[in-house]
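A.B. asks: The structure follows.
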Amino acid sequence: MNDLRATGTPARIFDPQAARTPVSRLGVAVVHDLVTAIITGEIAEGTMLPIETELSAHFGVSRTVIRESIKRIEEKGLVAVVQGSGTTVRTRESWNVLDPVVLQVMLENDASLGVLDDLAIIRGALEGAMAAATASRRSAEELSELRTALERMEHTIDHEDEYNDADMLFHLAVMQQSQIPLAESITRTLYSRARESARFTTNPSKDVFQQTLEEHRRVLEAIEAGDAAAAEAAMRAHILDAWQRRRQPNARKP
């Protein structure tokens, strides 16, 4: 790997002679590769991106594609474009980590599982709060929807894919019933990206499914009782405990 010092000189991390064969949806591929280079530190914070001609040669695309790709990356908060001065990688606190591409790349390069650890904590807090809100305002119709979701989990416990789908529907129902749209939107993004990660979706046993089912049952019982504190605690505990069960075969963070 080349020297990636954060200087005013454009980083030369790409070999202009090693042009790639263009692929479909060229801009998507360019954005993904550049976002990956930034998130992994291959292009360091404070470093200028290579100039358009160099990026164009590397990716085998036109300068127009490069220009549009840089715009997309700028919108994600990863770079700052100064006309006439070049494009500089911004510091991590400026990145939009809820952007689907940024979050996807973070998960793809999450060797320590630290990102998934953080996602579990955030999901636990947000979904716990939404469960509490649902418990405080539940209606008979909404309780029926949650009971149906739990029954679907019970009936599909011997079928992994169907069970996981039923599990997701239970969570989505609680989120929607909470009527906290911002928390719901953030959690849906986190949950959907986590489910795409092979490190998140392991192959649990039926015993694990049964344990998960009982955790959902405790959430439902607390919501039925209108006990907001118990619903929040049950949902938070379920999300954190379920992740730890998935995480066990993997190395812990140092």
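Chain identifiers are assigned as A, B, and so on, following the order in which chains appear in the structure tokens; residues are numbered from 1 within each chain, and ligands are numbered from 1 in order of appearance.
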Can you tell me which residues surround A:Leu169 at a distance of at most 12 Å, considering only C-alpha atoms, apart from same-chain residues fewer than 2 positions away, and format the answer as a VMD selection string?
C.D. replies: chain A and resid 145 to 153 162 to 167 171 to 176 188 191 216
A.B. asks: Using the chain letters and numbers from this document, which residues of stretch 16-222 of chain A does DSSP assign to helix (DSSP H, G or I), as JSON, numbers by chain?
C.D. replies: {"A": [26, 27, 28, 29, 30, 31, 32, 33, 34, 35, 36, 37, 38, 39, 52, 53, 54, 55, 56, 57, 58, 59, 63, 64, 65, 66, 67, 68, 69, 70, 71, 72, 73, 74, 75, 92, 93, 94, 100, 101, 102, 103, 104, 105, 106, 107, 108, 114, 115, 116, 117, 118, 119, 120, 121, 122, 123, 124, 125, 126, 127, 128, 129, 130, 131, 132, 133, 134, 135, 136, 137, 140, 141, 142, 143, 144, 145, 146, 147, 148, 149, 150, 151, 152, 153, 154, 155, 160, 161, 162, 163, 164, 165, 166, 167, 168, 169, 170, 171, 172, 173, 174, 175, 176, 177, 178, 181, 182, 183, 184, 185, 186, 187, 188, 189, 190, 191, 192, 193, 194, 195, 206, 207, 208, 209, 210, 211, 212, 213, 214, 215, 216, 217, 218, 219, 220, 221, 222]}
A.B. asks: So how many Å separate atom CA of A:Gln210 and atom CA of A:Met130, to one decimal?
C.D. replies: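 Separating atom CA of A:Gln210 from atom CA of A:Met130 is a distance of 23.7 Å.
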A.B. asks: What's around A:Leu119 at 10 Å? Count only C-alpha atoms, leave out sequence neighbours fewer than 6 positions away in its own chain, and write the answer as an MDAnalysis selection string.
C.D. replies: chainID A and resid 113 125 187 190:191 193:194 239:240 243
A.B. asks: Those residues with C-alpha atoms, as a compact mmCIF listing (two decimals), in the first residue's frame please?
C.D. replies:
```
# COMPACT_ATOMS: atom_id res chain seq x y z
CA LEU A 113 -17.65 -6.79 14.74
CA ALA A 125 -32.12 1.94 22.83
CA THR A 187 -33.98 1.57 13.11
CA LEU A 190 -29.90 -0.23 10.78
CA TYR A 191 -31.91 -3.46 10.89
CA ARG A 193 -28.34 -3.42 6.68
CA ALA A 194 -27.50 -5.70 9.58
CA ILE A 239 -31.90 -7.21 21.12
CA LEU A 240 -28.64 -7.21 23.09
CA TRP A 243 -26.83 -10.32 19.22
```
A.B. asks: Point out the residue among A:Glu232, A:Glu160, A:Glu45, A:Glu154 with the least atom-to-atom distance to A:Val219, counting only C-alpha atoms.
C.D. replies: A:Glu232
A.B. asks: Can you pull out every residue within 12 Å of A:Val97, counting only C-alpha atoms, but drop anything in the same chain fewer than 5 positions away, and send it as a short mmCIF file (atom, residue, chain, number, x, y, z; two decimals) with N, CA and C atoms, in the first residue's frame?
C.D. replies:
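As a result, selection_11.cif now contains:
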```cif
data_model
loop_
_atom_site.label_atom_id
_atom_site.label_comp_id
_atom_site.auth_asym_id
_atom_site.auth_seq_id
_atom_site.Cartn_x
_atom_site.Cartn_y
_atom_site.Cartn_z
N VAL A 35 -15.81 4.95 -1.54
CA VAL A 35 -16.28 4.95 -0.15
C VAL A 35 -15.49 3.91 0.66
N ILE A 39 -13.29 4.68 3.98
CA ILE A 39 -13.68 4.10 5.27
C ILE A 39 -12.59 3.19 5.83
N GLU A 75 -22.16 14.18 -0.90
CA GLU A 75 -23.46 14.19 -0.25
C GLU A 75 -23.49 13.28 0.98
N LYS A 76 -22.64 12.28 1.00
CA LYS A 76 -22.56 11.36 2.14
C LYS A 76 -21.67 11.89 3.26
N GLY A 77 -21.08 13.06 3.03
CA GLY A 77 -20.27 13.70 4.05
C GLY A 77 -18.84 13.21 4.13
N LEU A 78 -18.40 12.42 3.13
CA LEU A 78 -17.06 11.84 3.20
C LEU A 78 -15.97 12.75 2.65
N ARG A 92 -13.92 11.68 10.23
CA ARG A 92 -14.97 10.68 10.43
C ARG A 92 -16.25 11.25 11.02
N VAL A 102 -22.65 3.97 2.91
CA VAL A 102 -21.64 4.10 3.96
C VAL A 102 -21.80 3.00 4.99
N LEU A 103 -23.02 2.75 5.43
CA LEU A 103 -23.25 1.72 6.43
C LEU A 103 -22.93 0.34 5.88
N GLN A 104 -23.28 0.10 4.62
CA GLN A 104 -22.98 -1.18 3.99
C GLN A 104 -21.47 -1.43 3.97
N VAL A 105 -20.71 -0.42 3.57
CA VAL A 105 -19.25 -0.57 3.49
C VAL A 105 -18.65 -0.75 4.89
N MET A 106 -19.18 -0.03 5.87
CA MET A 106 -18.69 -0.22 7.24
C MET A 106 -18.90 -1.65 7.70
N LEU A 107 -20.05 -2.23 7.37
CA LEU A 107 -20.33 -3.61 7.77
C LEU A 107 -19.47 -4.59 6.99
N VAL A 115 -18.80 -2.58 14.60
CA VAL A 115 -19.95 -1.86 14.05
C VAL A 115 -21.24 -2.56 14.42
N ASP A 118 -22.11 -1.86 17.96
CA ASP A 118 -22.71 -0.54 18.10
C ASP A 118 -24.16 -0.53 17.61
N LEU A 119 -24.41 -1.24 16.51
CA LEU A 119 -25.77 -1.30 15.98
C LEU A 119 -26.72 -1.94 16.99
N ILE A 186 -34.76 5.35 11.37
CA ILE A 186 -33.36 5.04 11.68
C ILE A 186 -33.20 3.55 11.94
N THR A 189 -33.36 1.29 8.88
CA THR A 189 -32.11 1.34 8.12
C THR A 189 -31.05 0.45 8.76
N LEU A 190 -30.89 0.58 10.07
CA LEU A 190 -29.90 -0.23 10.78
C LEU A 190 -30.22 -1.72 10.67
N ARG A 193 -29.75 -3.24 7.03
CA ARG A 193 -28.34 -3.42 6.68
C ARG A 193 -27.70 -4.53 7.49
#
```
A.B. asks: Enumerate, as JSON, numbers by chain, the complete set of residues in stretch 18-244 of chain A that a backbone-based DSSP assignment places in strand (DSSP E).
C.D. replies: {"A": [79, 80, 81, 82, 86, 87, 88, 89]}
A.B. asks: Those same residues, written as a PDB file, in the first residue's frame with N, CA and C atoms?
C.D. replies:
```pdb
ATOM      1  N   VAL A  79     -16.349  13.640   1.743  1.00  0.00           N
ATOM      2  CA  VAL A  79     -15.343  14.516   1.147  1.00  0.00           C
ATOM      3  C   VAL A  79     -15.875  15.937   1.066  1.00  0.00           C
ATOM      4  N   ALA A  80     -14.957  16.878   0.936  1.00  0.00           N
ATOM      5  CA  ALA A  80     -15.296  18.274   0.703  1.00  0.00           C
ATOM      6  C   ALA A  80     -14.652  18.684  -0.610  1.00  0.00           C
ATOM      7  N   VAL A  81     -15.460  19.234  -1.507  1.00  0.00           N
ATOM      8  CA  VAL A  81     -14.975  19.665  -2.816  1.00  0.00           C
ATOM      9  C   VAL A  81     -14.816  21.180  -2.819  1.00  0.00           C
ATOM     10  N   VAL A  82     -13.615  21.642  -3.108  1.00  0.00           N
ATOM     11  CA  VAL A  82     -13.349  23.075  -3.209  1.00  0.00           C
ATOM     12  C   VAL A  82     -12.931  23.364  -4.650  1.00  0.00           C
ATOM     13  N   GLY A  86      -9.372  21.069  -5.341  1.00  0.00           N
ATOM     14  CA  GLY A  86      -9.401  19.620  -5.245  1.00  0.00           C
ATOM     15  C   GLY A  86     -10.422  19.113  -4.240  1.00  0.00           C
ATOM     16  N   THR A  87     -10.379  17.813  -4.012  1.00  0.00           N
ATOM     17  CA  THR A  87     -11.347  17.136  -3.143  1.00  0.00           C
ATOM     18  C   THR A  87     -10.607  16.485  -1.978  1.00  0.00           C
ATOM     19  N   THR A  88     -11.001  16.847  -0.759  1.00  0.00           N
ATOM     20  CA  THR A  88     -10.320  16.375   0.439  1.00  0.00           C
ATOM     21  C   THR A  88     -11.230  15.478   1.256  1.00  0.00           C
ATOM     22  N   VAL A  89     -10.676  14.402   1.789  1.00  0.00           N
ATOM     23  CA  VAL A  89     -11.437  13.489   2.649  1.00  0.00           C
ATOM     24  C   VAL A  89     -11.695  14.163   3.992  1.00  0.00           C
TER      25      VAL A  89
END
```
A.B. asks: At what distance in Å, to one decimal, does atom CA of A:Ala132 lie from atom CA of A:Asp227?
C.D. replies: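 These atoms are spaced 7.5 Å apart.
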A.B. asks: Go through A:Glu215, A:Glu108, A:Glu184, A:Asp158 one by one, measure the shortest atom-to-atom distance of each to A:Ala133 using only C-alpha atoms, and give the residue with the smallest value.
C.D. replies: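 Going through A:Glu215, A:Glu108, A:Glu184, A:Asp158 one by one, the smallest distance to A:Ala133 is for A:Glu184.
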A.B. asks: For atom CA of A:Ser94 and atom CA of A:Asp33, determine how far apart the two atoms are, in Å to one decimal place.
C.D. replies: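 Separating atom CA of A:Ser94 from atom CA of A:Asp33 is a distance of 19.1 Å.
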